[in-house]
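input.txt follows; it contains compact mmCIF, C-alpha atoms.
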# COMPACT_ATOMS: atom_id res chain seq x y z
CA MET A 1 48.22 -2.62 -104.14
CA ASP A 2 46.76 0.87 -104.39
CA ASP A 3 46.13 3.17 -101.42
CA TRP A 4 42.39 2.45 -101.23
CA GLN A 5 42.88 -1.31 -101.06
CA GLN A 6 45.62 -0.95 -98.48
CA TYR A 7 43.42 1.37 -96.37
CA ARG A 8 40.45 -0.98 -96.73
CA ASN A 9 42.47 -4.05 -95.72
CA ASN A 10 44.37 -2.47 -92.82
CA ARG A 11 41.85 0.02 -91.37
CA TRP A 12 40.27 -2.37 -88.90
CA ASP A 13 43.33 -4.41 -87.94
CA THR A 14 45.65 -1.59 -86.85
CA ASN A 15 43.44 -0.21 -84.09
CA ILE A 16 42.39 -3.53 -82.61
CA ILE A 17 45.94 -4.50 -81.56
CA THR A 18 45.70 -2.31 -78.45
CA MET A 19 42.31 -3.70 -77.52
CA THR A 20 42.91 -7.45 -77.84
CA SER A 21 45.83 -7.63 -75.41
CA GLU A 22 45.75 -9.63 -72.19
CA GLN A 23 44.50 -6.50 -70.41
CA TYR A 24 41.17 -6.61 -72.32
CA PRO A 25 40.31 -10.29 -72.87
CA ASN A 26 36.53 -9.75 -73.00
CA ILE A 27 36.41 -7.23 -75.84
CA LEU A 28 34.45 -8.50 -78.81
CA ALA A 29 36.53 -9.06 -81.93
CA PRO A 30 35.80 -7.16 -85.14
CA HIS A 31 33.98 -9.09 -87.84
CA PRO A 32 32.26 -8.53 -91.18
CA VAL A 33 28.60 -7.54 -91.20
CA PRO A 34 26.04 -7.63 -94.01
CA TYR A 35 25.92 -4.83 -96.54
CA TYR A 36 22.96 -2.46 -96.27
CA GLU A 37 20.66 -4.29 -98.70
CA GLU A 38 21.10 -7.54 -96.77
CA THR A 39 20.21 -5.89 -93.45
CA GLN A 40 16.65 -5.37 -94.67
CA LYS A 41 16.15 -9.16 -94.53
CA ARG A 42 16.24 -9.51 -90.73
CA THR A 43 14.59 -12.25 -88.74
CA PHE A 44 11.77 -11.38 -86.35
CA VAL A 45 14.10 -11.63 -83.34
CA GLN A 46 16.63 -9.29 -84.97
CA LYS A 47 13.88 -6.77 -85.77
CA LEU A 48 12.60 -6.98 -82.18
CA ARG A 49 16.13 -6.37 -80.84
CA LYS A 50 16.50 -3.31 -83.06
CA VAL A 51 13.16 -1.92 -81.86
CA ARG A 52 14.17 -2.48 -78.21
CA ASN A 53 17.55 -0.79 -78.79
CA THR A 54 15.87 2.15 -80.53
CA ILE A 55 13.38 2.67 -77.68
CA TYR A 56 16.12 2.59 -75.02
CA MET A 57 18.35 4.85 -77.13
CA LEU A 58 15.59 7.44 -77.61
CA LEU A 59 14.77 7.39 -73.89
CA ALA A 60 18.47 7.89 -73.03
CA TYR A 61 18.97 10.52 -75.74
CA ALA A 62 16.91 13.27 -74.08
CA CYS A 63 16.84 12.00 -70.50
CA PRO A 64 17.77 14.82 -68.06
CA ASN A 65 19.28 12.42 -65.49
CA ASN A 66 22.79 10.99 -66.02
CA LYS A 67 22.16 7.83 -63.98
CA LEU A 68 19.02 7.06 -65.99
CA ARG A 69 20.86 7.67 -69.29
CA GLN A 70 23.49 5.16 -68.21
CA TRP A 71 20.82 2.66 -67.15
CA PHE A 72 19.09 2.85 -70.54
CA HIS A 73 22.40 2.39 -72.39
CA ARG A 74 23.43 -0.54 -70.15
CA ARG A 75 20.09 -2.20 -70.93
CA ARG A 76 21.04 -1.92 -74.61
CA GLY A 77 24.37 -3.69 -73.94
CA VAL A 78 26.84 -0.79 -73.66
CA HIS A 79 29.64 -1.55 -71.16
CA ILE A 80 29.84 1.47 -68.83
CA GLY A 81 32.22 1.80 -65.85
CA LYS A 82 31.83 3.73 -62.58
CA ASN A 83 31.63 7.52 -62.21
CA VAL A 84 30.90 8.06 -65.90
CA TYR A 85 29.20 11.17 -67.24
CA LEU A 86 27.13 10.73 -70.41
CA GLY A 87 25.78 14.02 -71.70
CA MET A 88 22.37 14.51 -73.21
CA PHE A 89 21.83 13.93 -76.93
CA CYS A 90 24.65 11.38 -77.24
CA PHE A 91 24.17 8.77 -79.96
CA LEU A 92 25.72 5.41 -79.07
CA ASP A 93 25.56 2.91 -81.94
CA ASN A 94 22.07 1.50 -82.33
CA LEU A 95 22.77 -1.84 -84.01
CA TYR A 96 25.85 -2.99 -82.07
CA PRO A 97 25.88 -1.21 -78.67
CA GLU A 98 27.59 -4.21 -77.05
CA TYR A 99 30.79 -3.20 -78.90
CA ILE A 100 31.11 0.03 -76.88
CA TYR A 101 33.37 -0.11 -73.79
CA ILE A 102 33.54 2.93 -71.51
CA GLU A 103 35.85 2.59 -68.50
CA ASP A 104 35.67 4.42 -65.13
CA HIS A 105 35.84 8.22 -64.68
CA VAL A 106 35.02 9.09 -68.30
CA ALA A 107 33.12 12.20 -69.43
CA ILE A 108 31.32 12.03 -72.76
CA ASN A 109 29.66 15.37 -73.40
CA ALA A 110 26.47 16.34 -75.23
CA GLY A 111 25.93 15.46 -78.86
CA THR A 112 28.75 12.94 -79.14
CA MET A 113 28.35 10.05 -81.61
CA ILE A 114 30.03 6.69 -81.01
CA LEU A 115 29.77 4.31 -83.95
CA THR A 116 30.80 0.64 -83.98
CA HIS A 117 29.71 -0.47 -87.42
CA PHE A 118 29.83 0.54 -91.05
CA ASN A 119 27.60 -1.15 -93.61
CA PRO A 120 27.68 0.61 -96.98
CA MET A 121 25.58 -0.26 -100.01
CA GLN A 122 26.61 -3.43 -101.87
CA HIS A 123 27.79 -1.54 -104.98
CA LEU A 124 30.52 0.10 -102.83
CA SER A 125 31.95 -3.23 -101.65
CA ASN A 126 35.09 -2.77 -103.77
CA LEU A 127 35.87 0.43 -101.85
CA PHE A 128 34.61 -0.29 -98.35
CA GLN A 129 34.21 -3.40 -96.27
CA ALA A 130 31.07 -3.77 -94.15
CA GLN A 131 32.45 -4.26 -90.65
CA VAL A 132 31.73 -3.99 -86.94
CA ALA A 133 34.60 -3.19 -84.56
CA PRO A 134 34.75 -2.28 -80.85
CA VAL A 135 35.28 1.20 -79.44
CA LEU A 136 37.20 1.43 -76.17
CA ILE A 137 37.29 4.63 -74.14
CA LYS A 138 39.80 4.22 -71.33
CA SER A 139 39.56 5.69 -67.82
CA GLY A 140 39.92 9.41 -67.20
CA THR A 141 39.10 10.39 -70.78
CA MET A 142 37.08 13.48 -71.69
CA VAL A 143 35.22 13.64 -75.00
CA ALA A 144 33.99 17.18 -75.69
CA VAL A 145 30.68 18.15 -77.32
CA ARG A 146 29.68 17.08 -80.83
CA SER A 147 32.63 14.73 -81.32
CA THR A 148 32.36 11.60 -83.45
CA ILE A 149 34.21 8.37 -82.65
CA LEU A 150 34.40 5.88 -85.50
CA PRO A 151 34.53 2.04 -85.29
CA GLY A 152 37.70 0.31 -84.10
CA VAL A 153 39.06 3.25 -82.11
CA CYS A 154 40.78 3.05 -78.73
CA ILE A 155 40.96 6.35 -76.83
CA GLY A 156 43.82 6.21 -74.33
CA LYS A 157 43.79 6.82 -70.61
CA ASN A 158 43.32 10.48 -69.55
CA ALA A 159 43.05 11.63 -73.17
CA ILE A 160 41.06 14.68 -74.26
CA VAL A 161 39.08 14.85 -77.50
CA SER A 162 38.31 18.47 -78.43
CA ALA A 163 34.84 19.64 -79.46
CA GLY A 164 33.66 18.66 -82.93
CA SER A 165 36.52 16.25 -83.60
CA VAL A 166 36.19 13.13 -85.74
CA VAL A 167 38.33 10.36 -84.24
CA GLU A 168 39.21 7.68 -86.80
CA ARG A 169 42.50 6.42 -85.29
CA ASP A 170 43.68 5.44 -81.80
CA VAL A 171 44.41 8.26 -79.36
CA ALA A 172 47.49 7.95 -77.13
CA ASP A 173 47.31 8.16 -73.33
CA CYS A 174 47.48 11.70 -71.88
CA SER A 175 47.14 13.46 -75.20
CA ILE A 176 44.83 16.10 -76.69
CA VAL A 177 43.41 15.59 -80.17
CA LYS A 178 41.31 17.92 -82.28
CA GLY A 179 40.12 18.40 -85.82
CA VAL A 180 38.59 16.53 -88.72
CA PRO A 181 40.17 14.01 -88.77
CA ALA A 182 41.46 14.32 -85.21
CA LYS A 183 45.21 14.88 -84.88
CA GLN A 184 47.29 15.03 -81.71
CA ILE A 185 48.09 18.61 -80.71
CA ALA A 186 49.55 18.08 -77.24
CA GLU A 187 50.84 15.43 -74.85
CA PHE A 188 50.63 16.07 -71.10
CA SER A 189 51.74 12.88 -69.31
CA ALA A 190 54.29 14.86 -67.26
CA LEU A 191 51.52 17.06 -65.86
CA ILE A 192 49.14 14.37 -64.62
CA GLU A 193 49.36 12.08 -61.64
CA ASP A 194 48.23 8.51 -62.15
CA LYS A 195 45.76 7.75 -59.36
Here is a file; write its structure as structure tokens.
Amino acid sequence: MDDWQQYRNNRWDTNIITMTSEQYPNILAPHPVPYYEETQKRTFVQKLRKVRNTIYMLLAYACPNNKLRQWFHRRRGVHIGKNVYLGMFCFLDNLYPEYIYIEDHVAINAGTMILTHFNPMQHLSNLFQAQVAPVLIKSGTMVAVRSTILPGVCIGKNAIVSAGSVVERDVADCSIVKGVPAKQIAEFSALIEDK
């Protein structure tokens, strides 16, 4: 098996292990989704849902009030905990917002993108699998400006994602990641008290 096939087959399974434990029984499981060409054949209800999600997302995108931004995203289906800060101009997946889980005391700063699905064109199906997978951001996490979080990622408790990072793999608790792709640069569990 070549590297591409191994990456394609394992990419979604490795990250989900942390999220499907007994601690998170309600997290939606990853599953295949239609390739791009097939998504253009939606039913009326599916089209209506997409329009609703787009309206709420656009209202949340430039809303100056954090509580209102959270309300708009919750109406779309995003799971948001208590004392969460969502910065302006954040893009939370438009088609599958219900796959985003944000725990308590999380800060997601301006311009961050959180994606839960990937549906490439059909002719790329030998390279990439069309898939939706949950994103879990655990309590105490800070995601700095203009970061991108890809599908199937679990960001650990009290972790820090540096500005402009692209997170494609799980992030350990009490660690700092940065870069494209994001790599761990520090671990600070000894310096933080668990409250």
Name all residues at most 7 Å from Glu187 of chain A (count all atoms listed in the file; drop same-chain ones fewer than 2 positions away) and give them as a list in words.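 So, after excluding close chain neighbours, the residues are Cys174, Ser175, Ile176 and Ser189 of chain A.
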Correct to one decimal, the distance atom CA of Asn119 of chain A-atom CA of Thr39 of chain A is 8.8 Å
Write out as a ChimeraX atom specification each polymer residue whose atoms come within 10 Å of Ala133 of chain A, counting only C-alpha atoms; drop sequence neighbours fewer than 6 positions from it. /A:12-13,15-16,27-33,96,99-100,115-118,150-153
Give me the residues near Ile160 of chain A as a compact mmCIF listing (two decimals) with C-alpha atoms, in the coordinates of the input, where near means some atom within 12 Å (using only C-alpha atoms) and where sequence neighbours in that chain fewer than 6 positions away do not count.
# COMPACT_ATOMS: atom_id res chain seq x y z
CA VAL A 106 35.02 9.09 -68.30
CA ALA A 107 33.12 12.20 -69.43
CA ILE A 108 31.32 12.03 -72.76
CA ASN A 109 29.66 15.37 -73.40
CA ILE A 137 37.29 4.63 -74.14
CA LYS A 138 39.80 4.22 -71.33
CA SER A 139 39.56 5.69 -67.82
CA GLY A 140 39.92 9.41 -67.20
CA THR A 141 39.10 10.39 -70.78
CA MET A 142 37.08 13.48 -71.69
CA VAL A 143 35.22 13.64 -75.00
CA ALA A 144 33.99 17.18 -75.69
CA VAL A 145 30.68 18.15 -77.32
CA SER A 147 32.63 14.73 -81.32
CA VAL A 167 38.33 10.36 -84.24
CA VAL A 171 44.41 8.26 -79.36
CA ALA A 172 47.49 7.95 -77.13
CA ASP A 173 47.31 8.16 -73.33
CA CYS A 174 47.48 11.70 -71.88
CA SER A 175 47.14 13.46 -75.20
CA ILE A 176 44.83 16.10 -76.69
CA VAL A 177 43.41 15.59 -80.17
CA LYS A 178 41.31 17.92 -82.28
CA ALA A 182 41.46 14.32 -85.21
CA LYS A 183 45.21 14.88 -84.88
CA GLN A 184 47.29 15.03 -81.71
CA ILE A 185 48.09 18.61 -80.71
CA ALA A 186 49.55 18.08 -77.24
CA GLU A 187 50.84 15.43 -74.85
CA PHE A 188 50.63 16.07 -71.10
CA SER A 189 51.74 12.88 -69.31
Box for segment 46-64 of chain A: with edges along x, y and z, all listed atoms inside and 6 Å added on each side, what are the centre and edge lengths in Å to one decimal, as JSON?
{"center_x": 15.8, "center_y": 2.8, "center_z": -76.9, "size_x": 18.4, "size_y": 36.1, "size_z": 29.7}
So how far away is atom CA of Val84 of chain A from atom CA of Pro181 of chain A, in Å?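 Between atom CA of Pro181 of chain A and atom CA of Val84 of chain A the gap works out to 25.4 Å.
Straight-line separation from atom CA of Phe91 of chain A to atom CA of Met113 of chain A: 4.7 Å.
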Which residue out of A:Asn94, A:Asn158, A:Gln129, A:Thr148 has the minimum interatomic distance to Val78 of chain A when only C-alpha atoms are used? A:Asn94
Let me make sure I understand: among A:Ala190, A:Ile114, A:Tyr85, A:Leu127, which one has the smallest atom-to-atom distance to Cys154 of chain A if we use all atoms listed in the file?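 Answer, going by the shortest atom-to-atom distance: A:Ile114.
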